[in-house]
Structure formats: structure tokens, C-alpha cells
Amino acid sequence: MATIDLIVLGMLKKEPMSAYDIQKLVEYRNISKWVKISTPSIYKKAIQLEEKGFIKAAIVKEGKMPEKAVYSLTETGEKEFERLMSEISAKPIHIFLDFNAVIVNLDSLPPESQKSCIDKIEQNISSLKSYLEENLRIKENIPEIPQTGIAVLQQQIVLVEAIEKWISSLKINFQ
């Protein structure tokens, strides 16, 4: 998947790191909240990118820790990073919201079940908003956090607020 390629290559463009370090950074930056990426996919992707010549591994040993592969970008990887940046930014934007599968089927449920499903979605959106706002409060004043990371958090909050407003109008139609 080109998106995971871009995330991994982008992290390695900044500094060499192990697949474990990439995975920890993905967790810390909450990347999995806005891009479908999993821990196993990061390890698999590192191997694939190395096989393609986009990254290279250096085996390092630190103290009593076991050896690990630390990846860095190759010249070919630099070019692939730039190609992916251009290609992905030029693609049409698609916003996939899993809960829309529930919304399109609401009319197949009795009214009380419809209300229950909408309420659950509303609760999940509220929880997500609280999580994002807290995350933004924690990270917005940390100088090491890139402004682009803060911008994505702000974007997610705007989207959640728009979904909250939309749910309010949806509830009127299903009462």
C-alpha cells in the first residue's frame, strides 16, 4: 500500500531507525487513527522496501540488547519518497467512514434499534473528539512535535466536529 510506503519512507528520511522504532513512532503520533496501518504491516513493509532497494538495513548491537536492523533511506528510496509524495497528493480525496455501512442500513431496523445505533456512533465520535482534544493539548506545546503533526490533529478535530453536527441533524430524521 502506497500510504504505508510513504509513512515508512518519510520517517526514515528524517533519521535511520528500526522497524520497532518506526512502529513506536506510529503509535506515539497516533498515525493509525487516520491511516490504516498496523504493527505487523510496518515490519512487513520494511522488508519489502529493503527488497526493492528503497531502504537498507545495518545490523547494530547496543549493549546487552539483541542485534537489530536499523534502516536508512537509499538514493532510490529518496526518489521513491518524492514520487509517492507527488502521486498521493495528486489523487482525489476519499473519506472512508466505517460507520456509514450502519447509516445506509438504518431503515432496515425498527425505530428503537435505529436510535440505538445512532447513539452508539454519537458516543464513539464523542470519545474520539475527547481523545483528539487531549492529545492536541498535550502535544501542541512540545517543540519536538512537527507542525505538520499538529495540523493533522487539528484536521481530525474539525472532521469530528463536522460529524457531530451531522449526527444531530440525522437524529432529527430518525426520531
# chains A, B, ... in the order shown; residues from 1 in each chain; ligands from 1

call {"tool": "residues_around", "arguments": {"residues": "range 119-125 of chain A", "least_positions_apart": "6", "cutoff": "12 Å", "atoms": "only C-alpha atoms", "output": "number ranges by chain"}}
result
A: 97-103, 112-113, 131-132, 156-171, 174-175

call {"tool": "residues_around", "arguments": {"residues": "Ala57 in chain A", "least_positions_apart": "4", "cutoff": "8 Å", "atoms": "only C-alpha atoms", "output": "list in words"}}
result
Glu50, Ala69, Val70, Tyr71 and Ser72 of chain A

call {"tool": "residues_around", "arguments": {"residues": "Glu87 in chain A", "least_positions_apart": "6", "cutoff": "12 Å", "atoms": "only C-alpha atoms", "output": "PyMOL selection string"}}
result
chain A and resi 2-3+6+80-81

call {"tool": "write_last_selection", "arguments": {"atoms": "N, CA, C and O atoms", "output": "PDB file, in the first residue's frame"}}
result
ATOM      1  N   ALA A   2       0.646   2.121  -0.942  1.00  0.00           N
ATOM      2  CA  ALA A   2       1.491   3.301  -1.129  1.00  0.00           C
ATOM      3  C   ALA A   2       1.514   4.202   0.107  1.00  0.00           C
ATOM      4  O   ALA A   2       2.538   4.820   0.402  1.00  0.00           O
ATOM      5  N   THR A   3       0.419   4.271   0.845  1.00  0.00           N
ATOM      6  CA  THR A   3       0.358   5.149   2.013  1.00  0.00           C
ATOM      7  C   THR A   3       1.338   4.679   3.090  1.00  0.00           C
ATOM      8  O   THR A   3       2.061   5.493   3.667  1.00  0.00           O
ATOM      9  N   LEU A   6       4.839   5.432   2.039  1.00  0.00           N
ATOM     10  CA  LEU A   6       5.165   6.842   2.230  1.00  0.00           C
ATOM     11  C   LEU A   6       5.433   7.158   3.697  1.00  0.00           C
ATOM     12  O   LEU A   6       6.371   7.904   4.018  1.00  0.00           O
ATOM     13  N   GLU A  80      11.847   7.496  -4.580  1.00  0.00           N
ATOM     14  CA  GLU A  80      10.530   6.888  -4.393  1.00  0.00           C
ATOM     15  C   GLU A  80       9.694   7.718  -3.427  1.00  0.00           C
ATOM     16  O   GLU A  80       8.496   7.907  -3.639  1.00  0.00           O
ATOM     17  N   PHE A  81      10.315   8.229  -2.368  1.00  0.00           N
ATOM     18  CA  PHE A  81       9.612   9.096  -1.420  1.00  0.00           C
ATOM     19  C   PHE A  81       9.031  10.304  -2.152  1.00  0.00           C
ATOM     20  O   PHE A  81       7.846  10.625  -2.005  1.00  0.00           O
TER      21      PHE A  81
END

call {"tool": "residues_around", "arguments": {"residues": "Asp21 in chain A", "least_positions_apart": "6", "cutoff": "12 Å", "atoms": "only C-alpha atoms", "output": "number ranges by chain"}}
result
A: 8, 11-12, 15, 27-28, 39, 42-43, 46, 68-71

call {"tool": "atom_distance", "arguments": {"atom1": "CA of Leu9 in chain A", "atom2": "CA of Ile47 in chain A"}}
result
12.3 Å

call {"tool": "atom_distance", "arguments": {"atom1": "CA of Glu75 in chain A", "atom2": "CA of Ile22 in chain A"}}
result
19.7 Å

call {"tool": "closest_residue", "arguments": {"among": "A:Ser41, A:Ser32, A:Asn105, A:Gln23", "to": "Asp5 in chain A", "atoms": "only C-alpha atoms"}}
result
A:Ser41

call {"tool": "select_by_dssp", "arguments": {"residues": "chain A", "states": "helix (DSSP H, G or I)", "output": "PDB file with C-alpha atoms, in the first residue's frame"}}
result
ATOM      1  CA  ALA A   2       1.491   3.301  -1.129  1.00  0.00           C
ATOM      2  CA  THR A   3       0.358   5.149   2.013  1.00  0.00           C
ATOM      3  CA  ILE A   4       2.299   2.854   4.336  1.00  0.00           C
ATOM      4  CA  ASP A   5       5.302   3.063   1.996  1.00  0.00           C
ATOM      5  CA  LEU A   6       5.165   6.842   2.230  1.00  0.00           C
ATOM      6  CA  ILE A   7       4.864   6.852   6.013  1.00  0.00           C
ATOM      7  CA  VAL A   8       7.827   4.491   6.466  1.00  0.00           C
ATOM      8  CA  LEU A   9       9.994   6.237   3.867  1.00  0.00           C
ATOM      9  CA  GLY A  10       9.107   9.645   5.340  1.00  0.00           C
ATOM     10  CA  MET A  11      10.164   8.582   8.825  1.00  0.00           C
ATOM     11  CA  LEU A  12      13.415   7.128   7.516  1.00  0.00           C
ATOM     12  CA  LYS A  13      14.057  10.301   5.506  1.00  0.00           C
ATOM     13  CA  LYS A  14      14.337  12.132   8.814  1.00  0.00           C
ATOM     14  CA  ALA A  19      11.081  -1.284  12.411  1.00  0.00           C
ATOM     15  CA  TYR A  20      10.337  -1.326  16.145  1.00  0.00           C
ATOM     16  CA  ASP A  21      11.203   2.388  16.398  1.00  0.00           C
ATOM     17  CA  ILE A  22       9.007   3.128  13.369  1.00  0.00           C
ATOM     18  CA  GLN A  23       6.144   1.213  14.979  1.00  0.00           C
ATOM     19  CA  LYS A  24       6.590   3.124  18.272  1.00  0.00           C
ATOM     20  CA  LEU A  25       6.604   6.438  16.397  1.00  0.00           C
ATOM     21  CA  VAL A  26       3.416   5.419  14.548  1.00  0.00           C
ATOM     22  CA  GLU A  27       1.816   4.715  17.929  1.00  0.00           C
ATOM     23  CA  TYR A  28       3.132   7.934  19.513  1.00  0.00           C
ATOM     24  CA  ILE A  31      -0.982   7.612  12.839  1.00  0.00           C
ATOM     25  CA  SER A  32      -3.211   4.541  12.988  1.00  0.00           C
ATOM     26  CA  LYS A  33      -6.111   6.847  13.944  1.00  0.00           C
ATOM     27  CA  THR A  39       2.246  -3.130  13.666  1.00  0.00           C
ATOM     28  CA  PRO A  40       2.702  -6.262  11.515  1.00  0.00           C
ATOM     29  CA  SER A  41       2.322  -4.174   8.346  1.00  0.00           C
ATOM     30  CA  ILE A  42       5.237  -1.954   9.398  1.00  0.00           C
ATOM     31  CA  TYR A  43       7.615  -4.900   9.842  1.00  0.00           C
ATOM     32  CA  LYS A  44       6.438  -6.473   6.577  1.00  0.00           C
ATOM     33  CA  LYS A  45       6.733  -3.141   4.777  1.00  0.00           C
ATOM     34  CA  ALA A  46      10.317  -2.624   5.997  1.00  0.00           C
ATOM     35  CA  ILE A  47      11.295  -5.978   4.498  1.00  0.00           C
ATOM     36  CA  GLN A  48       9.505  -5.204   1.212  1.00  0.00           C
ATOM     37  CA  LEU A  49      11.081  -1.754   0.927  1.00  0.00           C
ATOM     38  CA  GLU A  50      14.518  -3.256   1.556  1.00  0.00           C
ATOM     39  CA  GLU A  51      13.924  -5.912  -1.123  1.00  0.00           C
ATOM     40  CA  GLU A  75      19.136   7.207  -3.021  1.00  0.00           C
ATOM     41  CA  THR A  76      16.475   5.152  -4.819  1.00  0.00           C
ATOM     42  CA  GLY A  77      14.328   5.414  -1.684  1.00  0.00           C
ATOM     43  CA  GLU A  78      14.691   9.203  -1.714  1.00  0.00           C
ATOM     44  CA  LYS A  79      13.385   9.262  -5.281  1.00  0.00           C
ATOM     45  CA  GLU A  80      10.530   6.888  -4.393  1.00  0.00           C
ATOM     46  CA  PHE A  81       9.612   9.096  -1.420  1.00  0.00           C
ATOM     47  CA  GLU A  82       9.387  12.153  -3.697  1.00  0.00           C
ATOM     48  CA  ARG A  83       7.428  10.182  -6.322  1.00  0.00           C
ATOM     49  CA  LEU A  84       4.921   8.981  -3.714  1.00  0.00           C
ATOM     50  CA  MET A  85       4.544  12.471  -2.250  1.00  0.00           C
ATOM     51  CA  SER A  86       3.668  13.803  -5.695  1.00  0.00           C
ATOM     52  CA  GLU A  87       1.458  10.851  -6.675  1.00  0.00           C
ATOM     53  CA  ILE A  88      -0.568  10.653  -3.465  1.00  0.00           C
ATOM     54  CA  SER A  89      -1.054  14.419  -3.163  1.00  0.00           C
ATOM     55  CA  ALA A  90      -2.441  14.474  -6.737  1.00  0.00           C
ATOM     56  CA  ASN A 100     -21.538   4.671   7.046  1.00  0.00           C
ATOM     57  CA  ALA A 101     -22.244   0.965   6.493  1.00  0.00           C
ATOM     58  CA  VAL A 102     -24.569   1.250   9.502  1.00  0.00           C
ATOM     59  CA  ILE A 103     -26.121   4.525   8.321  1.00  0.00           C
ATOM     60  CA  LEU A 106     -30.664   2.116   9.336  1.00  0.00           C
ATOM     61  CA  ASP A 107     -34.018   1.973   7.595  1.00  0.00           C
ATOM     62  CA  SER A 108     -33.876  -1.837   7.792  1.00  0.00           C
ATOM     63  CA  PRO A 111     -37.043   2.671  15.176  1.00  0.00           C
ATOM     64  CA  GLU A 112     -35.653   1.831  18.621  1.00  0.00           C
ATOM     65  CA  SER A 113     -32.717  -0.080  17.088  1.00  0.00           C
ATOM     66  CA  GLN A 114     -32.077   2.807  14.680  1.00  0.00           C
ATOM     67  CA  LYS A 115     -31.857   5.192  17.616  1.00  0.00           C
ATOM     68  CA  SER A 116     -29.553   2.802  19.480  1.00  0.00           C
ATOM     69  CA  CYS A 117     -27.141   2.572  16.531  1.00  0.00           C
ATOM     70  CA  ILE A 118     -27.063   6.353  16.085  1.00  0.00           C
ATOM     71  CA  ASP A 119     -26.480   6.806  19.816  1.00  0.00           C
ATOM     72  CA  LYS A 120     -23.538   4.375  19.731  1.00  0.00           C
ATOM     73  CA  ILE A 121     -21.967   6.199  16.798  1.00  0.00           C
ATOM     74  CA  GLU A 122     -22.508   9.508  18.586  1.00  0.00           C
ATOM     75  CA  GLN A 123     -20.819   8.150  21.739  1.00  0.00           C
ATOM     76  CA  ASN A 124     -17.854   6.889  19.722  1.00  0.00           C
ATOM     77  CA  ILE A 125     -17.481  10.234  17.961  1.00  0.00           C
ATOM     78  CA  SER A 126     -17.612  11.993  21.332  1.00  0.00           C
ATOM     79  CA  SER A 127     -14.933   9.682  22.735  1.00  0.00           C
ATOM     80  CA  LEU A 128     -12.756  10.238  19.683  1.00  0.00           C
ATOM     81  CA  LYS A 129     -13.158  14.007  19.998  1.00  0.00           C
ATOM     82  CA  SER A 130     -12.146  13.924  23.676  1.00  0.00           C
ATOM     83  CA  TYR A 131      -9.138  11.787  22.844  1.00  0.00           C
ATOM     84  CA  LEU A 132      -8.051  14.082  19.990  1.00  0.00           C
ATOM     85  CA  GLU A 133      -8.513  17.264  22.039  1.00  0.00           C
ATOM     86  CA  GLU A 134      -6.485  15.816  24.926  1.00  0.00           C
ATOM     87  CA  ASN A 135      -3.804  14.636  22.523  1.00  0.00           C
ATOM     88  CA  LEU A 136      -3.644  18.104  20.956  1.00  0.00           C
ATOM     89  CA  ARG A 137      -3.430  19.780  24.388  1.00  0.00           C
ATOM     90  CA  ILE A 138      -0.522  17.516  25.333  1.00  0.00           C
ATOM     91  CA  LYS A 139       1.393  17.835  22.077  1.00  0.00           C
ATOM     92  CA  GLN A 147       3.740  21.431  12.985  1.00  0.00           C
ATOM     93  CA  THR A 148       2.520  19.031  10.313  1.00  0.00           C
ATOM     94  CA  GLY A 149       1.614  16.542  13.060  1.00  0.00           C
ATOM     95  CA  ILE A 150      -0.271  19.234  14.961  1.00  0.00           C
ATOM     96  CA  ALA A 151      -2.038  20.201  11.720  1.00  0.00           C
ATOM     97  CA  VAL A 152      -3.278  16.622  11.247  1.00  0.00           C
ATOM     98  CA  LEU A 153      -4.603  16.535  14.822  1.00  0.00           C
ATOM     99  CA  GLN A 154      -6.414  19.829  14.200  1.00  0.00           C
ATOM    100  CA  GLN A 155      -7.821  18.431  10.950  1.00  0.00           C
ATOM    101  CA  GLN A 156      -9.152  15.373  12.780  1.00  0.00           C
ATOM    102  CA  ILE A 157     -10.862  17.565  15.364  1.00  0.00           C
ATOM    103  CA  VAL A 158     -12.534  19.644  12.623  1.00  0.00           C
ATOM    104  CA  LEU A 159     -13.787  16.446  10.953  1.00  0.00           C
ATOM    105  CA  VAL A 160     -15.113  15.083  14.252  1.00  0.00           C
ATOM    106  CA  GLU A 161     -16.917  18.358  14.947  1.00  0.00           C
ATOM    107  CA  ALA A 162     -18.491  18.224  11.477  1.00  0.00           C
ATOM    108  CA  ILE A 163     -19.623  14.627  12.108  1.00  0.00           C
ATOM    109  CA  GLU A 164     -21.103  15.686  15.475  1.00  0.00           C
ATOM    110  CA  LYS A 165     -23.138  18.385  13.735  1.00  0.00           C
ATOM    111  CA  TRP A 166     -24.213  15.916  11.048  1.00  0.00           C
ATOM    112  CA  ILE A 167     -25.296  13.345  13.680  1.00  0.00           C
ATOM    113  CA  SER A 168     -27.512  15.987  15.310  1.00  0.00           C
ATOM    114  CA  SER A 169     -29.347  16.515  12.021  1.00  0.00           C
ATOM    115  CA  LEU A 170     -29.511  12.756  11.415  1.00  0.00           C
ATOM    116  CA  LYS A 171     -31.109  12.172  14.826  1.00  0.00           C
ATOM    117  CA  ILE A 172     -33.951  14.535  13.887  1.00  0.00           C
ATOM    118  CA  ASN A 173     -34.765  12.366  10.858  1.00  0.00           C
TER     119      ASN A 173
END
